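Enquirer: Just passing along the structure, written as structure tokens.
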Amino acid sequence: MAEQLGLEWMDGDRRRRLSDDGLERCLPEGVVWLPRAALGDEARLLLDLDAVLRAAPCRHMTTPGGQRMSVAMTHCGPLGWVSDRRGYRYVATDPDTGAPWPAMPASFQRLAGACAERAGFQSFEPDACLVNEYVPGARLSLHQDADERDMTQPIVSVSLGLPAVFLLGGLERRERPQRVPLEHGDVVVWGGPARLRYHGVAPVAGGAHPRLGRRRVNLTFRRAG
Ligand code: MD3
Ligand code: FE
């Protein structure tokens with residue numbers, strides 16, 4: 001049975017954890033979902049997020065093809081990802097101001113490190129934290145994260161605010177994506193064989209979150225350089 005479901009790689013503990021909110025979720029190898037893991041120090045996390053957003057406001061970048069992204073983004077930590085007509089790359093300064101990206105708050109580093117460790121990655125030290133901001137209707141089309149240097153390092157993602165449906169595809173673009181609902185406080189660690197899966201976010205539905213209002217904010221922690 002477990003084999004048929006593709007669960008043979010999971011130990012009993014992890015299988016229980018996946019279902020401990022009563023929602024069965026069968027995720028591919030290398031994906032570890034930690035429901036509500038970001039809420040342990042929620043107040044601190046949201047205060048620190050506010051400070052980052054004040055220092056480096058989210059902006060809509062342009063794809064190399066000239067499209068304005070519906071997601072607005074900014075960064076903290078030594079490196080930030082930028083996209084413009086020249087392509088994608090990681091850079092140490094905010095192109096809008098020429099200043100370094102704001103420092104990565106200690107609360108962010110602690111959360112990312114602790115979640116990576118729960119997923120089996122010791123001493124994860126991210127040098128980039130992407131902050132994506134979605135208002136209702138914003139989406140992220142299917143893509144791979146392949147601009148980081150070391151693909152043995154995981155990506156840790158933290159969902160905050162409005163819920164979203166995450167689209168988890170395969171290693172090739174044509175594979176039909178699985179829909180994974182993510183809520184405020186959920187953390188997902190993507191590593192190993194899942195690191196290069198295609199993924200995206202379905203258009204965010206309307207509504208308002210009690211703490212973050214009419215938006216979803218996603219943090220992704222990466223080892224980029
Ligand atoms: C699966 N962000 O910033 S995070 C991105 O919700 C991005 O804002 C989405 O995709 C968001 O690049 C999803 C989850 C994520 C990040 C990296 C992955 C999922 C991944 C890498 C491989 C497989
Ligand atoms: Fe991505």
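To be explicit about the labels: the chains of the structure tokens are called A, B, and onward in the order shown, and within each one the residues are counted from 1, while ligands get numbers from 1 in the order they are shown.
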Mind listing the residues within 8 Å of ligand 2, only C-alpha atoms and all ligand atoms counted, as a ChimeraX atom specification?

Expert: /A:143-145,198-200

Enquirer: Would you mind exporting N, CA and C atoms of the selected residues as a PDB file, in the first residue's frame?

Expert:
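Listing of selection-v4.pdb after writing:
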```
ATOM      1  N   HIS A 143       7.923  27.419 -13.077  1.00  0.00           N
ATOM      2  CA  HIS A 143       9.345  27.678 -13.339  1.00  0.00           C
ATOM      3  C   HIS A 143      10.199  26.739 -12.489  1.00  0.00           C
ATOM      4  N   GLN A 144      11.498  26.703 -12.779  1.00  0.00           N
ATOM      5  CA  GLN A 144      12.472  26.003 -11.938  1.00  0.00           C
ATOM      6  C   GLN A 144      13.323  27.044 -11.242  1.00  0.00           C
ATOM      7  N   ASP A 145      13.805  26.754 -10.031  1.00  0.00           N
ATOM      8  CA  ASP A 145      14.773  27.634  -9.377  1.00  0.00           C
ATOM      9  C   ASP A 145      16.146  27.038  -9.655  1.00  0.00           C
ATOM     10  N   TYR A 198       9.668  21.715 -11.291  1.00  0.00           N
ATOM     11  CA  TYR A 198       8.917  22.900 -11.705  1.00  0.00           C
ATOM     12  C   TYR A 198       7.857  23.205 -10.650  1.00  0.00           C
ATOM     13  N   HIS A 199       7.589  24.492 -10.451  1.00  0.00           N
ATOM     14  CA  HIS A 199       6.596  24.883  -9.449  1.00  0.00           C
ATOM     15  C   HIS A 199       6.076  26.273  -9.765  1.00  0.00           C
ATOM     16  N   GLY A 200       4.942  26.604  -9.157  1.00  0.00           N
ATOM     17  CA  GLY A 200       4.340  27.921  -9.345  1.00  0.00           C
ATOM     18  C   GLY A 200       3.252  28.124  -8.314  1.00  0.00           C
TER      19      GLY A 200
END
```

Enquirer: For the contact check between chain A and ligand 1, emit one row per residue of chain A within 7 Å, containing the shortest atom pair and the distance in Å rounded to one decimal, counting only C-alpha atoms and all ligand atoms, chain then rising number order, as a tab-separated table.

Expert:
```
residue	atom	partner	partner_atom_place_in_ligand_line	distance
A:Leu130	CA	ligand 1	3 (O)	6.3
A:Asn132	CA	ligand 1	8 (O)	5.3
A:Leu140	CA	ligand 1	9 (C)	7.0
A:Gln144	CA	ligand 1	22 (C)	6.4
A:Asp145	CA	ligand 1	21 (C)	5.4
A:Ile155	CA	ligand 1	17 (C)	5.6
A:Val156	CA	ligand 1	16 (C)	7.0
A:Ser157	CA	ligand 1	4 (S)	5.0
A:Ser159	CA	ligand 1	6 (O)	6.7
A:Phe166	CA	ligand 1	6 (O)	6.7
A:Leu168	CA	ligand 1	1 (C)	6.5
A:Val188	CA	ligand 1	14 (C)	7.0
A:Trp190	CA	ligand 1	23 (C)	5.5
A:Ala194	CA	ligand 1	23 (C)	5.4
A:Arg195	CA	ligand 1	22 (C)	4.1
A:Leu196	CA	ligand 1	22 (C)	4.9
A:Arg197	CA	ligand 1	23 (C)	4.5
A:Tyr198	CA	ligand 1	23 (C)	6.0
A:His199	CA	ligand 1	1 (C)	5.4
A:Gly200	CA	ligand 1	10 (O)	5.6
A:Val201	CA	ligand 1	6 (O)	5.9
A:Asn218	CA	ligand 1	8 (O)	4.8
A:Leu219	CA	ligand 1	8 (O)	6.9
A:Thr220	CA	ligand 1	4 (S)	5.8
```

Enquirer: Pick the closest to A:Asp96 from A:Leu167, A:Met61, A:Leu39, A:Cys76: which is it, counting only C-alpha atoms?

Expert: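 Closest residue, counting only C-alpha atoms: A:Met61.
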
Enquirer: I'd like the contact shell of A:Leu46 - 9 Å cut-off, only C-alpha atoms, skipping same-chain residues fewer than 4 positions apart - returned as a PDB file with N, CA and C atoms, in the first residue's frame.

Expert:
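Saved result, around.pdb, follows:
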```
ATOM      1  N   ASP A  41       7.177  31.811  16.790  1.00  0.00           N
ATOM      2  CA  ASP A  41       7.585  33.170  17.168  1.00  0.00           C
ATOM      3  C   ASP A  41       6.986  34.138  16.144  1.00  0.00           C
ATOM      4  N   GLU A  42       5.669  34.002  15.959  1.00  0.00           N
ATOM      5  CA  GLU A  42       4.973  34.737  14.907  1.00  0.00           C
ATOM      6  C   GLU A  42       5.110  36.254  15.046  1.00  0.00           C
ATOM      7  N   ASP A  50       8.087  43.436   8.684  1.00  0.00           N
ATOM      8  CA  ASP A  50       7.711  44.846   8.477  1.00  0.00           C
ATOM      9  C   ASP A  50       8.936  45.723   8.280  1.00  0.00           C
ATOM     10  N   ALA A  51       9.950  45.497   9.108  1.00  0.00           N
ATOM     11  CA  ALA A  51      11.166  46.318   9.027  1.00  0.00           C
ATOM     12  C   ALA A  51      11.873  46.100   7.686  1.00  0.00           C
ATOM     13  N   ARG A 211      -3.820  39.334  10.136  1.00  0.00           N
ATOM     14  CA  ARG A 211      -2.546  39.996  10.454  1.00  0.00           C
ATOM     15  C   ARG A 211      -1.945  40.720   9.252  1.00  0.00           C
ATOM     16  N   LEU A 212      -2.096  40.162   8.054  1.00  0.00           N
ATOM     17  CA  LEU A 212      -1.388  40.722   6.895  1.00  0.00           C
ATOM     18  C   LEU A 212      -2.297  41.422   5.890  1.00  0.00           C
TER      19      LEU A 212
END
```

Enquirer: In stretch 37-179 of chain A, what's alpha helix (DSSP H) per DSSP? Answer as a list in words?

Expert: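 For stretch 37-179 of chain A, the alpha helix (DSSP H) set is Glu42, Ala43, Arg44, Leu45, Leu46, Leu47, Asp48, Leu49, Asp50, Ala51, Val52, Leu53, Arg54, Ala55, Ala106, Ser107, Phe108, Gln109, Arg110, Leu111, Ala112, Gly113, Ala114, Cys115, Ala116, Glu117 and Arg118 of chain A.
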
Enquirer: If you count only C-alpha atoms, which residues fall within 12 Å of A:Arg85, apart from same-chain ones fewer than 5 positions away, as a PDB file with N, CA and C atoms, in the first residue's frame?

Expert:
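part27.pdb was written with the following content:
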```pdb
ATOM      1  N   MET A  61       9.161  43.288 -10.764  1.00  0.00           N
ATOM      2  CA  MET A  61      10.284  43.207 -11.708  1.00  0.00           C
ATOM      3  C   MET A  61       9.754  42.852 -13.094  1.00  0.00           C
ATOM      4  N   THR A  62      10.638  42.993 -14.065  1.00  0.00           N
ATOM      5  CA  THR A  62      10.288  42.689 -15.453  1.00  0.00           C
ATOM      6  C   THR A  62      11.015  41.414 -15.857  1.00  0.00           C
ATOM      7  N   THR A  63      10.319  40.540 -16.561  1.00  0.00           N
ATOM      8  CA  THR A  63      10.984  39.319 -17.032  1.00  0.00           C
ATOM      9  C   THR A  63      11.885  39.689 -18.217  1.00  0.00           C
ATOM     10  N   PRO A  64      12.865  38.826 -18.525  1.00  0.00           N
ATOM     11  CA  PRO A  64      13.715  39.119 -19.691  1.00  0.00           C
ATOM     12  C   PRO A  64      12.882  39.310 -20.967  1.00  0.00           C
ATOM     13  N   GLY A  65      11.691  38.689 -21.011  1.00  0.00           N
ATOM     14  CA  GLY A  65      10.803  38.848 -22.162  1.00  0.00           C
ATOM     15  C   GLY A  65      10.012  40.151 -22.152  1.00  0.00           C
ATOM     16  N   GLY A  66      10.163  40.940 -21.078  1.00  0.00           N
ATOM     17  CA  GLY A  66       9.512  42.242 -21.039  1.00  0.00           C
ATOM     18  C   GLY A  66       8.179  42.285 -20.317  1.00  0.00           C
ATOM     19  N   GLN A  67       7.783  41.162 -19.684  1.00  0.00           N
ATOM     20  CA  GLN A  67       6.513  41.132 -18.950  1.00  0.00           C
ATOM     21  C   GLN A  67       6.693  41.635 -17.524  1.00  0.00           C
ATOM     22  N   ARG A  68       5.744  42.436 -17.048  1.00  0.00           N
ATOM     23  CA  ARG A  68       5.757  42.852 -15.642  1.00  0.00           C
ATOM     24  C   ARG A  68       5.231  41.690 -14.802  1.00  0.00           C
TER      25      ARG A  68
END
```

Enquirer: From the set A:Ala37, A:Val180, A:Leu45, A:Ala55, which residue has the shortest atom-to-atom contact distance to A:Gln109, counting only C-alpha atoms?

Expert: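 Of the candidates, the smallest distance to A:Gln109 is held by A:Leu45.
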
Enquirer: What is the distance, in Å and to one decimal place, between atom CA of A:Met104 and atom CA of A:Pro203?

Expert: 28.1 Å

Enquirer: Work out how far atom CA of A:Val82 is from atom CA of A:Arg215, in Å to one decimal.

Expert: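 That distance, rounded to one decimal, is 21.4 Å.
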
Enquirer: Can you tell me, as a list in words, what residues are no more than 8 Å from stretch 112-117 of chain A when counting only C-alpha atoms, ignoring any on the same chain fewer than 4 positions away?

Expert: Leu34, Ala37, Phe108, Phe121, Gln122, Ser123, Phe124, Glu125, Pro126, Pro154, Val156, Val187, Val189 and Phe221 of chain A

Enquirer: For the selection you just gave me, I'd like the residues written to a file as a compact mmCIF listing (two decimals), in the first residue's frame, keeping N, CA and C atoms.

Expert:
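Below you can see part-v7.txt, which holds the result:
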```txt
# COMPACT_ATOMS: atom_id res chain seq x y z
N LEU A 34 5.88 21.38 6.79
CA LEU A 34 5.84 21.56 8.24
C LEU A 34 4.70 22.54 8.56
N ALA A 37 4.68 25.77 11.12
CA ALA A 37 5.97 25.81 11.81
C ALA A 37 6.49 27.22 12.03
N PHE A 108 14.54 35.25 11.14
CA PHE A 108 14.42 34.56 9.85
C PHE A 108 15.45 33.43 9.78
N PHE A 121 18.48 18.57 6.81
CA PHE A 121 19.62 19.34 6.29
C PHE A 121 20.28 20.07 7.46
N GLN A 122 21.45 19.58 7.87
CA GLN A 122 22.18 20.22 8.98
C GLN A 122 22.84 21.50 8.46
N SER A 123 23.02 22.45 9.37
CA SER A 123 23.76 23.70 9.13
C SER A 123 23.46 24.36 7.78
N PHE A 124 22.18 24.60 7.54
CA PHE A 124 21.74 25.37 6.38
C PHE A 124 21.95 26.84 6.70
N GLU A 125 22.79 27.51 5.92
CA GLU A 125 23.05 28.94 6.15
C GLU A 125 22.70 29.73 4.91
N PRO A 126 21.44 30.19 4.82
CA PRO A 126 21.01 30.90 3.62
C PRO A 126 21.73 32.23 3.48
N PRO A 154 19.00 22.94 0.21
CA PRO A 154 17.55 23.02 0.01
C PRO A 154 17.08 24.46 -0.14
N VAL A 156 14.00 26.73 1.64
CA VAL A 156 13.00 26.69 2.70
C VAL A 156 11.99 27.80 2.40
N VAL A 187 5.49 25.97 6.52
CA VAL A 187 6.86 25.97 5.99
C VAL A 187 7.02 24.71 5.15
N VAL A 189 10.09 22.58 3.05
CA VAL A 189 11.51 22.44 2.70
C VAL A 189 11.58 21.60 1.42
N PHE A 221 14.14 30.98 1.49
CA PHE A 221 15.52 31.05 1.96
C PHE A 221 16.37 30.16 1.07
```

Enquirer: To one decimal place, how far is atom CA of A:Ala119 from atom CA of A:Val31 in Å?

Expert: 8.5 Å

Enquirer: Considering only C-alpha atoms, can you say which of A:Val158, A:Ala224, A:Ala128, A:Val135 comes closest to A:Trp33?

Expert: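 Going through A:Val158, A:Ala224, A:Ala128, A:Val135 one by one, the smallest distance to A:Trp33 is for A:Val158.
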